[in-house]
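Contents: one structure, followed by commentary.
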Amino acid sequence: MKSILYFAADSNGCGGGPAPTSPSNVQNPTIELHICMGLNACKGHDRFGTNACAGTGYCATAQAHNCHTMNNCRNQGGCGLFGDAEEQNFPGENNCAWQGSCAVPIQAERFGTEGPNQGKSVWMLARKRFEERMKKARRNVGKSPFECGPPTAWLSKMQGSAFGSCGSSGSPSCSFGYNDKAKSAQELCDKSKSK
Amino acid sequence: MHGKLLLSGKPKVTPENLGEAIQQAIEIEIATIPVYLYTYYTINRTPDQAALIKSITASLQKAKYKSLDIESKALEYATRIQVYANKAGAVIMSVAIEEMLHMSLSSNLKQALVGMPELTGKSPNSWPAYLPGHVPEFPISRAPYSKDTLKTFLKIESPTKIPENNLKVEKAIDYTTIGKFYEMIVKCIKDNKFSYNKKAPQLVPGRGYYANNNVDTLYYDKHHKPHFTNADDSGDLIHIVNDETALRAIKMICDQGEGHKAATPLNKDGSVNCKKPTAQDYDDKEHKELSHFEKFAQLYCELEELEFKFKEAGLSDPLSYFVYNTATNPMNADFPDVIKKVSKLLNAVYSYIFLMSEDCYRKDENTQYEIFMFGIHKSMIWILNNLCQAMTALNYIGPDGKAYVAAATFEEIQFSADSSPKSQVIAMFNEAADAYSSIAYLKDRIHDLPDVSIEPYLASPKRTSLFA
């Protein structure tokens, strides 16, 4: 049993999603660092540097990591799974290095474990807060490539073994044979929209 | 603490021995941590479904089930194992993190009323161990998950004196509850006027030190819906500055452990009451979180039912599908060289966590925050957890000649005064990673640990564990 879960690259049915184009934009020092798909404030500020406008980027510009307290710096930590309610209420808004509450990027199936977002989608909360920020900044926001955030299966395809998050209770994207993974993911998404 | 008397032989808590009493309370909480963690890491929380189905299918075929039924039955039984294994892990972890909370609350209490809590050098060092302050004693082992182990957990958390015809394990006889011990402290606080040190560092709420739930305290049901084993409002750190906060902290410890005054105890014959929990068995207002005692009672009853169902279907003991074959009370000395090196590192990290925890009561504000979040938290979630998991991949022949899966022994080591404890942890890591390269990826995390001095510990009078 491994505590770091490298999720299988099988599709969970959340939609294939277009493949991103290269080259990687991660090393560009002028871009804003953010933690996931659909959370970019500017054109060209996603992992690949090809997105046309705010909110349409494919993936995080912050360095991918697997767990709580492993982010490099301010606003570069993921969210959910570990940390108190305060941390989990503000995904990607940590003040300093090592203060993020979970892995980057945030898969669509990840839910909060503490506070008002318990059992609800972490990515949806991050996107909601991002849209509020853009509203204040008077910026139009485009659609995210995936409405509910990047599905586990898509991330596994994109990042291979580099994608994972910590914990011993198993992948949030899973079926024992009594549920459809895609439907479960959609239910989480729908439930999180109503908040 | 074989033979050692409660409060140096005095029958009650007085202002003169209050510090000693609270220190014993701290050590009661410390004693439970390796016990629960050991059992937690003997559980494979995510057993492979395909392997389970294959094994169960073979057993059902042998038991001559109709072939049409076998596929759905195998899936059903495999899923029951998957859900139960994950739930057992989640429940034990939910209790373990609350025991760490209780250790911190008791330490806050001591810091406010008496002075520095002692956390280093207090972990049991011989096994089976005995809860300090409980007369008469009963043995507690680091043991793999089983009904007998749950019986011991029920004794630890029992809301009432254990019946004479007790749980039919080992030699438990009489038992005074942990709640009764705390009651003596409460009486002393109520009967006397104490001044509280409000400036000395404590682990306080609002700094992100404590969360009721995390990914390890949840499990998934058969439809893969998450269930959280702790409630949001069941507990938190309390800054102890007066009688009200002191009494509230003690009440929280007792409610979480044993439930409320009228909580359902064991049956008179010592068996476990498997009826639906009552309102008194919960420790939170909304009745979302059961007391430790009731959580373990529920696990016990579910396991009993699972055993019955599996036996009826001609299947193996359900524990055989998800509990590692670990020894009871193994010691580092039992292991061959490679495992010994990994185990030694694990024990060093375990010991360093207590050293860092104690240092949090000497440091405040940002320094305390960094020690806690980047030292203790990171060590628990990342380093210790991964080393405990790594041990389950290693096998050895025990002193009894039987084959076992290795397990964390949680032996607290004494750091030498010759160099910093952190440098000693790094040296042990280097040795362990050379011997077993699968743990080499932990290098950065080990090097990131804060550098905590051992000098204050060495400068204090020589400590002995109540378990020595």
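Chains: A, B, ... in order of the structure tokens. Residues: from 1 per chain. Ligands: from 1, in order shown.
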
Using DSSP on the backbone, list every residue of chain A that comes out as alpha helix (DSSP H), and give them as a PyMOL selection string. chain A and resi 85-88+122-136+152-159+181-193

Identify every residue of chain B that has at least one atom within 8 Å of any atom of chain A, counting only C-alpha atoms, and report the result as a PyMOL selection string. chain B and resi 44-47+49+75+79+86+90+208-220+222-224+226+228+232+373-374+378+385-386+389

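Candidate residues A:Gly149, A:Arg129, A:Glu109, A:Gln76 were compared for distance to Lys183 of chain A, and the nearest is A:Glu109, using only C-alpha atoms.
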
Could you tell me which of B:Pro277, B:Pro144, B:Pro421, B:Gly19 comes closest to Ala348 of chain B if we count only C-alpha atoms?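 Once distances to Ala348 of chain B are computed over only C-alpha atoms, the minimum belongs to B:Pro421.
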
Atom CA of Ser121 of chain A to atom CA of Ser192 of chain A, distance in Å rounded to a single decimal: 5.7 Å

Near Pro201 of chain B, counting only C-alpha atoms, which residues have an atom at most 7 Å away, once you skip same-chain residues fewer than 2 positions from it, shown as a PyMOL selection string? chain B and resi 199+203+361-364

Residues from last step as file, all heavy atoms, as a CSV table (one decimal), in the first residue's frame:
chain,number,residue,atom,x,y,z
B,199,LYS,N,1.0,34.2,29.8
B,199,LYS,CA,2.0,34.6,28.8
B,199,LYS,C,2.8,33.4,28.3
B,199,LYS,O,3.4,33.4,27.2
B,199,LYS,CB,2.9,35.6,29.4
B,199,LYS,CG,2.2,36.9,29.6
B,199,LYS,CD,3.2,38.0,30.1
B,199,LYS,CE,2.4,39.3,30.3
B,199,LYS,NZ,3.2,40.3,31.1
B,203,LEU,N,-0.1,25.8,22.8
B,203,LEU,CA,-0.6,25.5,21.4
B,203,LEU,C,-2.1,26.0,21.4
B,203,LEU,O,-2.9,25.4,22.1
B,203,LEU,CB,-0.5,24.0,21.1
B,203,LEU,CG,0.9,23.5,20.9
B,203,LEU,CD1,0.9,22.0,20.8
B,203,LEU,CD2,1.6,24.2,19.8
B,361,TYR,N,6.4,24.6,23.5
B,361,TYR,CA,6.0,25.2,24.8
B,361,TYR,C,7.1,26.1,25.3
B,361,TYR,O,7.0,26.7,26.4
B,361,TYR,CB,5.6,24.1,25.8
B,361,TYR,CG,4.3,23.5,25.5
B,361,TYR,CD1,4.2,22.4,24.7
B,361,TYR,CD2,3.1,24.2,25.9
B,361,TYR,CE1,2.9,21.9,24.3
B,361,TYR,CE2,1.9,23.7,25.6
B,361,TYR,CZ,1.8,22.6,24.8
B,361,TYR,OH,0.5,22.1,24.4
B,362,ARG,N,8.3,26.2,24.6
B,362,ARG,CA,9.3,27.2,24.9
B,362,ARG,C,9.3,28.3,23.9
B,362,ARG,O,9.9,29.4,24.2
B,362,ARG,CB,10.7,26.5,24.9
B,362,ARG,CG,10.9,25.5,26.0
B,362,ARG,CD,12.3,25.0,26.1
B,362,ARG,NE,12.4,23.9,27.0
B,362,ARG,CZ,12.3,22.6,26.6
B,362,ARG,NH1,12.2,22.3,25.3
B,362,ARG,NH2,12.3,21.6,27.5
B,363,LYS,N,8.8,28.1,22.8
B,363,LYS,CA,8.8,29.1,21.7
B,363,LYS,C,7.4,29.6,21.4
B,363,LYS,O,6.4,28.8,21.6
B,363,LYS,CB,9.4,28.5,20.4
B,363,LYS,CG,10.7,27.8,20.6
B,363,LYS,CD,11.9,28.8,20.7
B,363,LYS,CE,13.2,28.1,21.1
B,363,LYS,NZ,13.5,26.9,20.5
B,364,ASP,N,7.2,30.8,21.0
B,364,ASP,CA,5.9,31.3,20.7
B,364,ASP,C,5.9,31.9,19.3
B,364,ASP,O,6.9,32.1,18.6
B,364,ASP,CB,5.5,32.3,21.8
B,364,ASP,CG,3.9,32.2,22.0
B,364,ASP,OD1,3.2,31.6,21.1
B,364,ASP,OD2,3.5,32.8,22.9

Per DSSP on the backbone, filter segment 125-240 of chain B down to the residues in strand (DSSP E or B) and report them as a PyMOL selection string. chain B and resi 129-130+139-140+218-220+226-228

May I have the residues from that selection written out with N, CA, C and O atoms, as a PDB file, in the first residue's frame?
ATOM      1  N   ALA B 129       2.603  -2.312  27.847  1.00  0.00           N
ATOM      2  CA  ALA B 129       2.690  -1.154  28.727  1.00  0.00           C
ATOM      3  C   ALA B 129       1.426  -1.094  29.592  1.00  0.00           C
ATOM      4  O   ALA B 129       0.476  -1.846  29.380  1.00  0.00           O
ATOM      5  N   TYR B 130       1.457  -0.167  30.542  1.00  0.00           N
ATOM      6  CA  TYR B 130       0.320  -0.023  31.468  1.00  0.00           C
ATOM      7  C   TYR B 130       0.016   1.459  31.615  1.00  0.00           C
ATOM      8  O   TYR B 130       0.931   2.263  31.816  1.00  0.00           O
ATOM      9  N   PRO B 139      -2.692  -4.759  30.835  1.00  0.00           N
ATOM     10  CA  PRO B 139      -1.644  -4.670  29.807  1.00  0.00           C
ATOM     11  C   PRO B 139      -2.163  -4.124  28.475  1.00  0.00           C
ATOM     12  O   PRO B 139      -3.268  -4.450  28.055  1.00  0.00           O
ATOM     13  N   ILE B 140      -1.337  -3.287  27.874  1.00  0.00           N
ATOM     14  CA  ILE B 140      -1.659  -2.727  26.553  1.00  0.00           C
ATOM     15  C   ILE B 140      -0.516  -3.070  25.615  1.00  0.00           C
ATOM     16  O   ILE B 140       0.637  -2.747  25.892  1.00  0.00           O
ATOM     17  N   LEU B 218     -11.237   9.929   6.771  1.00  0.00           N
ATOM     18  CA  LEU B 218     -12.455   9.636   6.014  1.00  0.00           C
ATOM     19  C   LEU B 218     -12.343   8.256   5.369  1.00  0.00           C
ATOM     20  O   LEU B 218     -11.248   7.725   5.186  1.00  0.00           O
ATOM     21  N   TYR B 219     -13.504   7.705   5.089  1.00  0.00           N
ATOM     22  CA  TYR B 219     -13.542   6.445   4.326  1.00  0.00           C
ATOM     23  C   TYR B 219     -14.694   6.544   3.333  1.00  0.00           C
ATOM     24  O   TYR B 219     -15.552   7.431   3.437  1.00  0.00           O
ATOM     25  N   TYR B 220     -14.689   5.640   2.374  1.00  0.00           N
ATOM     26  CA  TYR B 220     -15.735   5.639   1.345  1.00  0.00           C
ATOM     27  C   TYR B 220     -16.692   4.460   1.559  1.00  0.00           C
ATOM     28  O   TYR B 220     -16.236   3.353   1.864  1.00  0.00           O
ATOM     29  N   PRO B 226     -17.797   9.740   0.343  1.00  0.00           N
ATOM     30  CA  PRO B 226     -16.937   9.894   1.526  1.00  0.00           C
ATOM     31  C   PRO B 226     -17.739  10.080   2.816  1.00  0.00           C
ATOM     32  O   PRO B 226     -18.781  10.734   2.812  1.00  0.00           O
ATOM     33  N   HIS B 227     -17.235   9.489   3.897  1.00  0.00           N
ATOM     34  CA  HIS B 227     -17.811   9.688   5.232  1.00  0.00           C
ATOM     35  C   HIS B 227     -16.694  10.188   6.149  1.00  0.00           C
ATOM     36  O   HIS B 227     -15.603   9.612   6.160  1.00  0.00           O
ATOM     37  N   PHE B 228     -16.996  11.225   6.909  1.00  0.00           N
ATOM     38  CA  PHE B 228     -15.988  11.821   7.798  1.00  0.00           C
ATOM     39  C   PHE B 228     -16.222  11.296   9.217  1.00  0.00           C
ATOM     40  O   PHE B 228     -17.350  11.333   9.712  1.00  0.00           O
TER      41      PHE B 228
END

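Considering the residues B:Ala327, B:Ala143, B:Val241, B:Ala263 and counting only C-alpha atoms, Leu109 of chain B has its shortest atom-to-atom contact with B:Val241.
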
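Nearest to Asp148 of chain B of all the residues B:Thr57, B:Thr367, B:Thr328, B:Gln202 is B:Thr328, based on only C-alpha atoms.
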